[in-house]
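entry-v6.pdb follows; it contains PDB, C-alpha atoms, pLDDT in the B column.
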MODEL        1
ATOM      1  CA  MET M   1      76.251 134.292 125.213  1.00 59.00           C
ATOM      2  CA  PRO M   2      77.505 137.483 123.533  1.00 64.00           C
ATOM      3  CA  ARG M   3      74.999 140.288 123.040  1.00 75.00           C
ATOM      4  CA  ARG M   4      75.227 142.529 119.987  1.00 79.00           C
ATOM      5  CA  PHE M   5      73.624 145.693 118.677  1.00 77.00           C
ATOM      6  CA  SER M   6      74.208 148.236 115.920  1.00 80.00           C
ATOM      7  CA  LEU M   7      73.453 151.952 116.178  1.00 80.00           C
ATOM      8  CA  GLU M   8      74.495 155.219 114.582  1.00 80.00           C
ATOM      9  CA  ALA M   9      75.990 158.193 116.430  1.00 82.00           C
ATOM     10  CA  LEU M  10      75.872 161.812 115.276  1.00 78.00           C
ATOM     11  CA  ILE M  11      79.487 162.991 114.864  1.00 71.00           C
ATOM     12  CA  ASP M  12      80.239 166.382 113.289  1.00 68.00           C
ATOM     13  CA  ARG M  13      76.812 166.558 111.571  1.00 73.00           C
ATOM     14  CA  SER M  14      77.060 163.096 110.051  1.00 74.00           C
ATOM     15  CA  TRP M  15      75.635 159.787 111.270  1.00 77.00           C
ATOM     16  CA  GLU M  16      78.379 157.190 111.793  1.00 82.00           C
ATOM     17  CA  PRO M  17      77.576 153.500 112.297  1.00 86.00           C
ATOM     18  CA  PHE M  18      78.976 151.549 115.220  1.00 86.00           C
ATOM     19  CA  GLU M  19      78.540 148.068 116.539  1.00 88.00           C
ATOM     20  CA  VAL M  20      78.871 146.774 120.086  1.00 86.00           C
ATOM     21  CA  ARG M  21      79.321 143.145 121.113  1.00 86.00           C
ATOM     22  CA  TRP M  22      79.609 142.322 124.789  1.00 81.00           C
ATOM     23  CA  VAL M  23      79.946 139.430 127.162  1.00 82.00           C
ATOM     24  CA  GLU M  24      79.679 140.057 130.908  1.00 81.00           C
ATOM     25  CA  ASN M  25      81.830 143.138 131.632  1.00 83.00           C
ATOM     26  CA  ARG M  26      83.792 143.299 128.356  1.00 89.00           C
ATOM     27  CA  ALA M  27      82.647 144.928 125.119  1.00 88.00           C
ATOM     28  CA  THR M  28      84.145 145.122 121.651  1.00 91.00           C
ATOM     29  CA  VAL M  29      83.216 148.336 119.863  1.00 90.00           C
ATOM     30  CA  GLU M  30      83.672 148.902 116.106  1.00 90.00           C
ATOM     31  CA  PHE M  31      83.517 152.579 115.180  1.00 85.00           C
ATOM     32  CA  CYS M  32      84.916 154.602 112.250  1.00 79.00           C
ATOM     33  CA  GLY M  33      86.966 151.639 111.031  1.00 83.00           C
ATOM     34  CA  ASN M  34      88.538 150.986 114.436  1.00 89.00           C
ATOM     35  CA  GLU M  35      87.868 148.185 116.887  1.00 92.00           C
ATOM     36  CA  VAL M  36      88.505 148.594 120.599  1.00 93.00           C
ATOM     37  CA  THR M  37      87.948 146.336 123.603  1.00 93.00           C
ATOM     38  CA  VAL M  38      86.402 148.011 126.634  1.00 92.00           C
ATOM     39  CA  HIS M  39      86.384 146.452 130.096  1.00 93.00           C
ATOM     40  CA  PHE M  40      83.744 148.086 132.259  1.00 89.00           C
ATOM     41  CA  GLN M  41      82.312 147.896 135.723  1.00 89.00           C
ATOM     42  CA  GLU M  42      79.143 149.645 136.854  1.00 84.00           C
ATOM     43  CA  VAL M  43      80.012 151.585 140.011  1.00 89.00           C
ATOM     44  CA  SER M  44      76.471 152.872 140.618  1.00 86.00           C
ATOM     45  CA  ALA M  45      73.389 153.607 138.494  1.00 79.00           C
ATOM     46  CA  GLY M  46      74.643 155.421 135.388  1.00 82.00           C
ATOM     47  CA  CYS M  47      78.274 155.531 136.637  1.00 89.00           C
ATOM     48  CA  TYR M  48      80.934 153.287 135.127  1.00 89.00           C
ATOM     49  CA  SER M  49      84.640 152.595 135.379  1.00 94.00           C
ATOM     50  CA  LEU M  50      86.112 151.784 131.953  1.00 94.00           C
ATOM     51  CA  LEU M  51      89.491 150.368 131.021  1.00 95.00           C
ATOM     52  CA  ILE M  52      90.529 150.932 127.391  1.00 94.00           C
ATOM     53  CA  ASP M  53      94.081 150.123 126.237  1.00 90.00           C
ATOM     54  CA  ASN M  54      95.295 150.112 129.860  1.00 91.00           C
ATOM     55  CA  GLN M  55      93.871 153.604 130.421  1.00 94.00           C
ATOM     56  CA  SER M  56      91.154 154.167 133.046  1.00 95.00           C
ATOM     57  CA  TYR M  57      88.080 156.359 132.505  1.00 95.00           C
ATOM     58  CA  ASP M  58      85.327 157.404 134.921  1.00 94.00           C
ATOM     59  CA  VAL M  59      82.086 157.732 132.947  1.00 92.00           C
ATOM     60  CA  THR M  60      78.583 158.855 133.871  1.00 90.00           C
ATOM     61  CA  VAL M  61      75.686 158.568 131.452  1.00 85.00           C
ATOM     62  CA  GLY M  62      72.338 160.333 131.649  1.00 82.00           C
ATOM     63  CA  GLY M  63      69.648 161.403 129.232  1.00 74.00           C
ATOM     64  CA  GLU M  64      66.762 159.753 127.468  1.00 67.00           C
ATOM     65  CA  ARG M  65      65.455 158.457 124.197  1.00 61.00           C
ATOM     66  CA  ASP M  66      68.138 159.365 121.619  1.00 66.00           C
ATOM     67  CA  LEU M  67      70.109 162.119 123.421  1.00 76.00           C
ATOM     68  CA  TYR M  68      72.593 161.158 126.119  1.00 80.00           C
ATOM     69  CA  HIS M  69      74.879 163.324 128.242  1.00 84.00           C
ATOM     70  CA  VAL M  70      78.128 161.432 128.706  1.00 87.00           C
ATOM     71  CA  ASN M  71      80.737 162.712 131.157  1.00 90.00           C
ATOM     72  CA  VAL M  72      84.201 161.190 130.682  1.00 92.00           C
ATOM     73  CA  ASN M  73      86.776 162.119 133.326  1.00 91.00           C
ATOM     74  CA  GLY M  74      85.071 165.491 133.889  1.00 90.00           C
ATOM     75  CA  GLN M  75      84.425 166.409 130.233  1.00 91.00           C
ATOM     76  CA  THR M  76      80.783 166.273 129.059  1.00 87.00           C
ATOM     77  CA  PHE M  77      79.657 165.237 125.581  1.00 84.00           C
ATOM     78  CA  ASP M  78      76.139 165.225 124.147  1.00 82.00           C
ATOM     79  CA  VAL M  79      75.673 162.024 122.177  1.00 82.00           C
ATOM     80  CA  ARG M  80      72.783 161.415 119.770  1.00 81.00           C
ATOM     81  CA  LEU M  81      71.986 157.831 118.812  1.00 79.00           C
ATOM     82  CA  ARG M  82      69.565 156.268 116.367  1.00 74.00           C
ATOM     83  CA  ASP M  83      68.677 152.828 115.122  1.00 67.00           C
ATOM     84  CA  PRO M  84      69.842 152.551 111.492  1.00 64.00           C
ATOM     85  CA  LYS M  85      67.018 150.116 110.705  1.00 61.00           C
ATOM     86  CA  GLN M  86      64.511 152.910 111.334  1.00 57.00           C
ATOM     87  CA  PHE M  87      66.223 155.185 108.785  1.00 49.00           C
ATOM     88  CA  SER M  88      67.285 152.711 106.110  1.00 43.00           C
ATOM     89  CA  GLY M  89      65.804 152.601 102.648  1.00 38.00           C
ATOM     90  CA  GLY M  90      64.105 149.327 103.576  1.00 37.00           C
ATOM     91  CA  HIS M  91      62.041 150.915 106.336  1.00 38.00           C
ATOM     92  CA  THR M  92      58.323 150.995 105.656  1.00 38.00           C
ATOM     93  CA  GLY M  93      55.718 153.026 107.388  1.00 41.00           C
ATOM     94  CA  GLY M  94      56.031 156.200 109.376  1.00 42.00           C
ATOM     95  CA  GLU M  95      54.528 159.645 109.578  1.00 41.00           C
ATOM     96  CA  GLY M  96      52.094 160.332 106.743  1.00 45.00           C
ATOM     97  CA  ASN M  97      51.999 156.686 105.681  1.00 53.00           C
ATOM     98  CA  ASP M  98      49.068 154.292 106.130  1.00 65.00           C
ATOM     99  CA  ASP M  99      51.348 151.241 106.383  1.00 74.00           C
ATOM    100  CA  PRO M 100      51.778 149.539 109.770  1.00 84.00           C
ATOM    101  CA  VAL M 101      54.997 150.416 111.612  1.00 85.00           C
ATOM    102  CA  SER M 102      56.857 147.997 113.850  1.00 85.00           C
ATOM    103  CA  VAL M 103      58.249 149.609 117.022  1.00 87.00           C
ATOM    104  CA  SER M 104      61.469 147.973 118.194  1.00 84.00           C
ATOM    105  CA  THR M 105      64.268 148.640 120.638  1.00 81.00           C
ATOM    106  CA  PRO M 106      67.783 149.426 119.371  1.00 74.00           C
ATOM    107  CA  MET M 107      69.437 147.531 122.264  1.00 76.00           C
ATOM    108  CA  PRO M 108      68.709 144.323 124.128  1.00 83.00           C
ATOM    109  CA  GLY M 109      67.020 144.937 127.455  1.00 88.00           C
ATOM    110  CA  LYS M 110      63.895 144.376 129.533  1.00 92.00           C
ATOM    111  CA  VAL M 111      60.408 145.851 129.086  1.00 94.00           C
ATOM    112  CA  VAL M 112      59.767 147.527 132.444  1.00 95.00           C
ATOM    113  CA  LYS M 113      56.447 149.203 131.573  1.00 95.00           C
ATOM    114  CA  LEU M 114      53.897 149.106 128.784  1.00 96.00           C
ATOM    115  CA  LEU M 115      52.240 152.510 128.396  1.00 95.00           C
ATOM    116  CA  VAL M 116      49.583 151.395 125.883  1.00 95.00           C
ATOM    117  CA  GLN M 117      47.484 148.338 125.115  1.00 94.00           C
ATOM    118  CA  GLN M 118      46.329 146.715 121.904  1.00 93.00           C
ATOM    119  CA  GLY M 119      43.531 148.836 120.399  1.00 92.00           C
ATOM    120  CA  ASP M 120      44.661 152.144 121.967  1.00 93.00           C
ATOM    121  CA  SER M 121      44.784 155.233 119.761  1.00 92.00           C
ATOM    122  CA  VAL M 122      48.138 157.035 119.829  1.00 89.00           C
ATOM    123  CA  ILE M 123      49.596 160.270 118.510  1.00 88.00           C
ATOM    124  CA  ALA M 124      53.026 160.678 116.924  1.00 82.00           C
ATOM    125  CA  GLY M 125      55.665 160.905 119.641  1.00 82.00           C
ATOM    126  CA  GLN M 126      53.483 159.386 122.366  1.00 88.00           C
ATOM    127  CA  GLY M 127      55.248 157.011 124.755  1.00 89.00           C
ATOM    128  CA  LEU M 128      54.477 153.342 124.080  1.00 93.00           C
ATOM    129  CA  ALA M 129      56.816 151.366 126.339  1.00 93.00           C
ATOM    130  CA  VAL M 130      59.753 151.799 128.697  1.00 92.00           C
ATOM    131  CA  VAL M 131      62.729 149.505 128.103  1.00 91.00           C
ATOM    132  CA  GLU M 132      65.703 149.212 130.450  1.00 88.00           C
ATOM    133  CA  ALA M 133      69.019 148.626 128.699  1.00 81.00           C
ATOM    134  CA  MET M 134      72.409 148.798 130.424  1.00 75.00           C
ATOM    135  CA  LYS M 135      70.722 150.080 133.630  1.00 76.00           C
ATOM    136  CA  MET M 136      69.123 153.037 131.780  1.00 81.00           C
ATOM    137  CA  GLN M 137      65.411 153.352 131.105  1.00 85.00           C
ATOM    138  CA  ASN M 138      64.384 154.531 127.637  1.00 83.00           C
ATOM    139  CA  GLU M 139      60.885 155.426 126.526  1.00 85.00           C
ATOM    140  CA  LEU M 140      60.011 154.173 123.050  1.00 88.00           C
ATOM    141  CA  ARG M 141      57.674 156.559 121.251  1.00 86.00           C
ATOM    142  CA  SER M 142      55.145 156.123 118.485  1.00 87.00           C
ATOM    143  CA  PRO M 143      56.583 156.957 115.058  1.00 83.00           C
ATOM    144  CA  LYS M 144      53.138 158.060 113.831  1.00 85.00           C
ATOM    145  CA  ALA M 145      49.549 158.722 114.824  1.00 87.00           C
ATOM    146  CA  GLY M 146      47.307 155.686 114.632  1.00 89.00           C
ATOM    147  CA  ARG M 147      46.173 152.677 116.614  1.00 92.00           C
ATOM    148  CA  VAL M 148      48.212 149.996 118.391  1.00 93.00           C
ATOM    149  CA  ILE M 149      47.190 146.892 116.461  1.00 92.00           C
ATOM    150  CA  THR M 150      49.525 144.363 118.101  1.00 90.00           C
ATOM    151  CA  VAL M 151      51.504 144.197 121.355  1.00 94.00           C
ATOM    152  CA  ASN M 152      54.112 141.433 121.129  1.00 93.00           C
ATOM    153  CA  VAL M 153      55.625 141.718 124.628  1.00 94.00           C
ATOM    154  CA  GLN M 154      54.719 141.790 128.310  1.00 95.00           C
ATOM    155  CA  GLU M 155      56.134 143.782 131.198  1.00 96.00           C
ATOM    156  CA  ASN M 156      59.346 142.272 132.666  1.00 95.00           C
ATOM    157  CA  GLN M 157      60.053 140.427 129.400  1.00 94.00           C
ATOM    158  CA  ALA M 158      63.628 140.371 128.053  1.00 92.00           C
ATOM    159  CA  VAL M 159      63.890 141.639 124.459  1.00 88.00           C
ATOM    160  CA  ASN M 160      66.583 141.538 121.789  1.00 84.00           C
ATOM    161  CA  ALA M 161      67.821 144.463 119.698  1.00 77.00           C
ATOM    162  CA  GLY M 162      65.512 144.970 116.734  1.00 78.00           C
ATOM    163  CA  GLU M 163      62.758 142.772 118.178  1.00 83.00           C
ATOM    164  CA  SER M 164      59.255 144.053 117.373  1.00 85.00           C
ATOM    165  CA  LEU M 165      57.567 145.176 120.593  1.00 91.00           C
ATOM    166  CA  MET M 166      54.358 146.376 118.965  1.00 92.00           C
ATOM    167  CA  ILE M 167      52.833 147.496 115.693  1.00 91.00           C
ATOM    168  CA  VAL M 168      51.140 150.855 115.109  1.00 91.00           C
ATOM    169  CA  ASN M 169      48.874 151.408 112.101  1.00 89.00           C
TER
ENDMDL
END
Encoded form using structure tokens:
Amino acid sequence: MPRRFSLEALIDRSWEPFEVRWVENRATVEFCGNEVTVHFQEVSAGCYSLLIDNQSYDVTVGGERDLYHVNVNGQTFDVRLRDPKQFSGGHTGGEGNDDPVSVSTPMPGKVVKLLVQQGDSVIAGQGLAVVEAMKMQNELRSPKAGRVITVNVQENQAVNAGESLMIVN
């Protein structure tokens, strides 16, 4: 079954949307009006071999949260990502708002650790859960100070992009 997620990347001071759909070791990426098919193989944790238009690339990826350091054939790029749903006009809640905020993951993955429980008080930026996606662990942080009112997942549970993991009020 194909997996799919949408994110935005910071390119030359502007956020550009992109979409990734993948099945097994092949991904289709739509970015800046172009679509490209990427065949990839994980060589080791965070290290990949990519084939794009019959050209080979050695890629390593490191970083956390929304800032990644991507090395492509010896050249390093800092890549910032964000979930467009968290910054769209339809988003409700957030810092300085009394509305509940749903915390979700931008990519499909697996919850490897819950850092809080229902009823816990949290501060803005506090870690809530660790989700592993594409062999990288990402800590999801609280978008505001408040209390965890609902936890919708368990450790070792698979989650989809955009799925609500918990709600902070």
Close residues, segment 115-130 of chain M itself excluded, 9 Å, all atoms listed in the file, min 4 positions apart in chain, as a PyMOL selection string
chain M and resi 95+103+110-111+137-151+165-166+168
Selection to disk with C-alpha atoms, as a short mmCIF file (atom, residue, chain, number, x, y, z; two decimals), in the frame of the given file:
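Saved result, result_7.cif, follows:
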data_model
loop_
_atom_site.label_atom_id
_atom_site.label_comp_id
_atom_site.auth_asym_id
_atom_site.auth_seq_id
_atom_site.Cartn_x
_atom_site.Cartn_y
_atom_site.Cartn_z
CA GLU M 95 54.53 159.65 109.58
CA VAL M 103 58.25 149.61 117.02
CA LYS M 110 63.90 144.38 129.53
CA VAL M 111 60.41 145.85 129.09
CA GLN M 137 65.41 153.35 131.10
CA ASN M 138 64.38 154.53 127.64
CA GLU M 139 60.88 155.43 126.53
CA LEU M 140 60.01 154.17 123.05
CA ARG M 141 57.67 156.56 121.25
CA SER M 142 55.14 156.12 118.48
CA PRO M 143 56.58 156.96 115.06
CA LYS M 144 53.14 158.06 113.83
CA ALA M 145 49.55 158.72 114.82
CA GLY M 146 47.31 155.69 114.63
CA ARG M 147 46.17 152.68 116.61
CA VAL M 148 48.21 150.00 118.39
CA ILE M 149 47.19 146.89 116.46
CA THR M 150 49.52 144.36 118.10
CA VAL M 151 51.50 144.20 121.36
CA LEU M 165 57.57 145.18 120.59
CA MET M 166 54.36 146.38 118.96
CA VAL M 168 51.14 150.85 115.11
#
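Atom CA of Glu8 of chain M lies 21.0 Å from atom CA of Ile52 of chain M.
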Decode the PyMOL selection byres ((chain M and resi 29) around 8) for the given file into explicit residues and return them as a compact mmCIF listing (two decimals) with C-alpha atoms, in the coordinates of the input.
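This went into expr.txt:
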# COMPACT_ATOMS: atom_id res chain seq x y z
CA PHE M 18 78.98 151.55 115.22
CA GLU M 19 78.54 148.07 116.54
CA VAL M 20 78.87 146.77 120.09
CA ARG M 21 79.32 143.15 121.11
CA ALA M 27 82.65 144.93 125.12
CA THR M 28 84.14 145.12 121.65
CA GLU M 30 83.67 148.90 116.11
CA PHE M 31 83.52 152.58 115.18
CA GLU M 35 87.87 148.18 116.89
CA VAL M 36 88.50 148.59 120.60
CA THR M 37 87.95 146.34 123.60
CA VAL M 38 86.40 148.01 126.63
I'd like the interatomic distance between atom CA of Gln55 of chain M and atom CA of Ile11 of chain M, to a tenth of an Å.
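If I compute the distance from atom CA of Gln55 of chain M to atom CA of Ile11 of chain M, I get 23.2 Å.
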Work out how far apart atom CA of Val112 of chain M and atom CA of Thr76 of chain M are and give it in Å to one decimal.
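Atom CA of Thr76 of chain M lies 28.4 Å from atom CA of Val112 of chain M.
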Do a neighbour search on Glu42 of chain M at 10 Å with only C-alpha atoms, toss out local chain neighbours closer than 2 positions, and write the hits as a ChimeraX atom specification.
/M:25,40,44-50,59-60,134-135
Selection result for the PyMOL selection byres ((chain M and resi 3-7) around 12) on this file, as a count of residues only:
45
Go through M:Val70, M:Val131, M:Ala158, M:Ile167 one by one, measure the shortest atom-to-atom distance of each to Ser102 of chain M using only C-alpha atoms, and give the residue with the smallest value.
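The shortest atom-to-atom distance to Ser102 of chain M comes from M:Ile167.
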So that all listed atoms of segment 127-132 of chain M fit with 3 Å spare on each side, what axis-aligned box centre and edge lengths in Å, to one decimal, would you give as AutoDock Vina command-line options?
--center_x 60.1 --center_y 153.1 --center_z 127.3 --size_x 17.2 --size_y 13.8 --size_z 12.4
Distance criterion (all atoms listed in the file): nearest to Asp78 of chain M out of M:Val101, M:Gly63, M:Leu114, M:Gln154:
M:Gly63
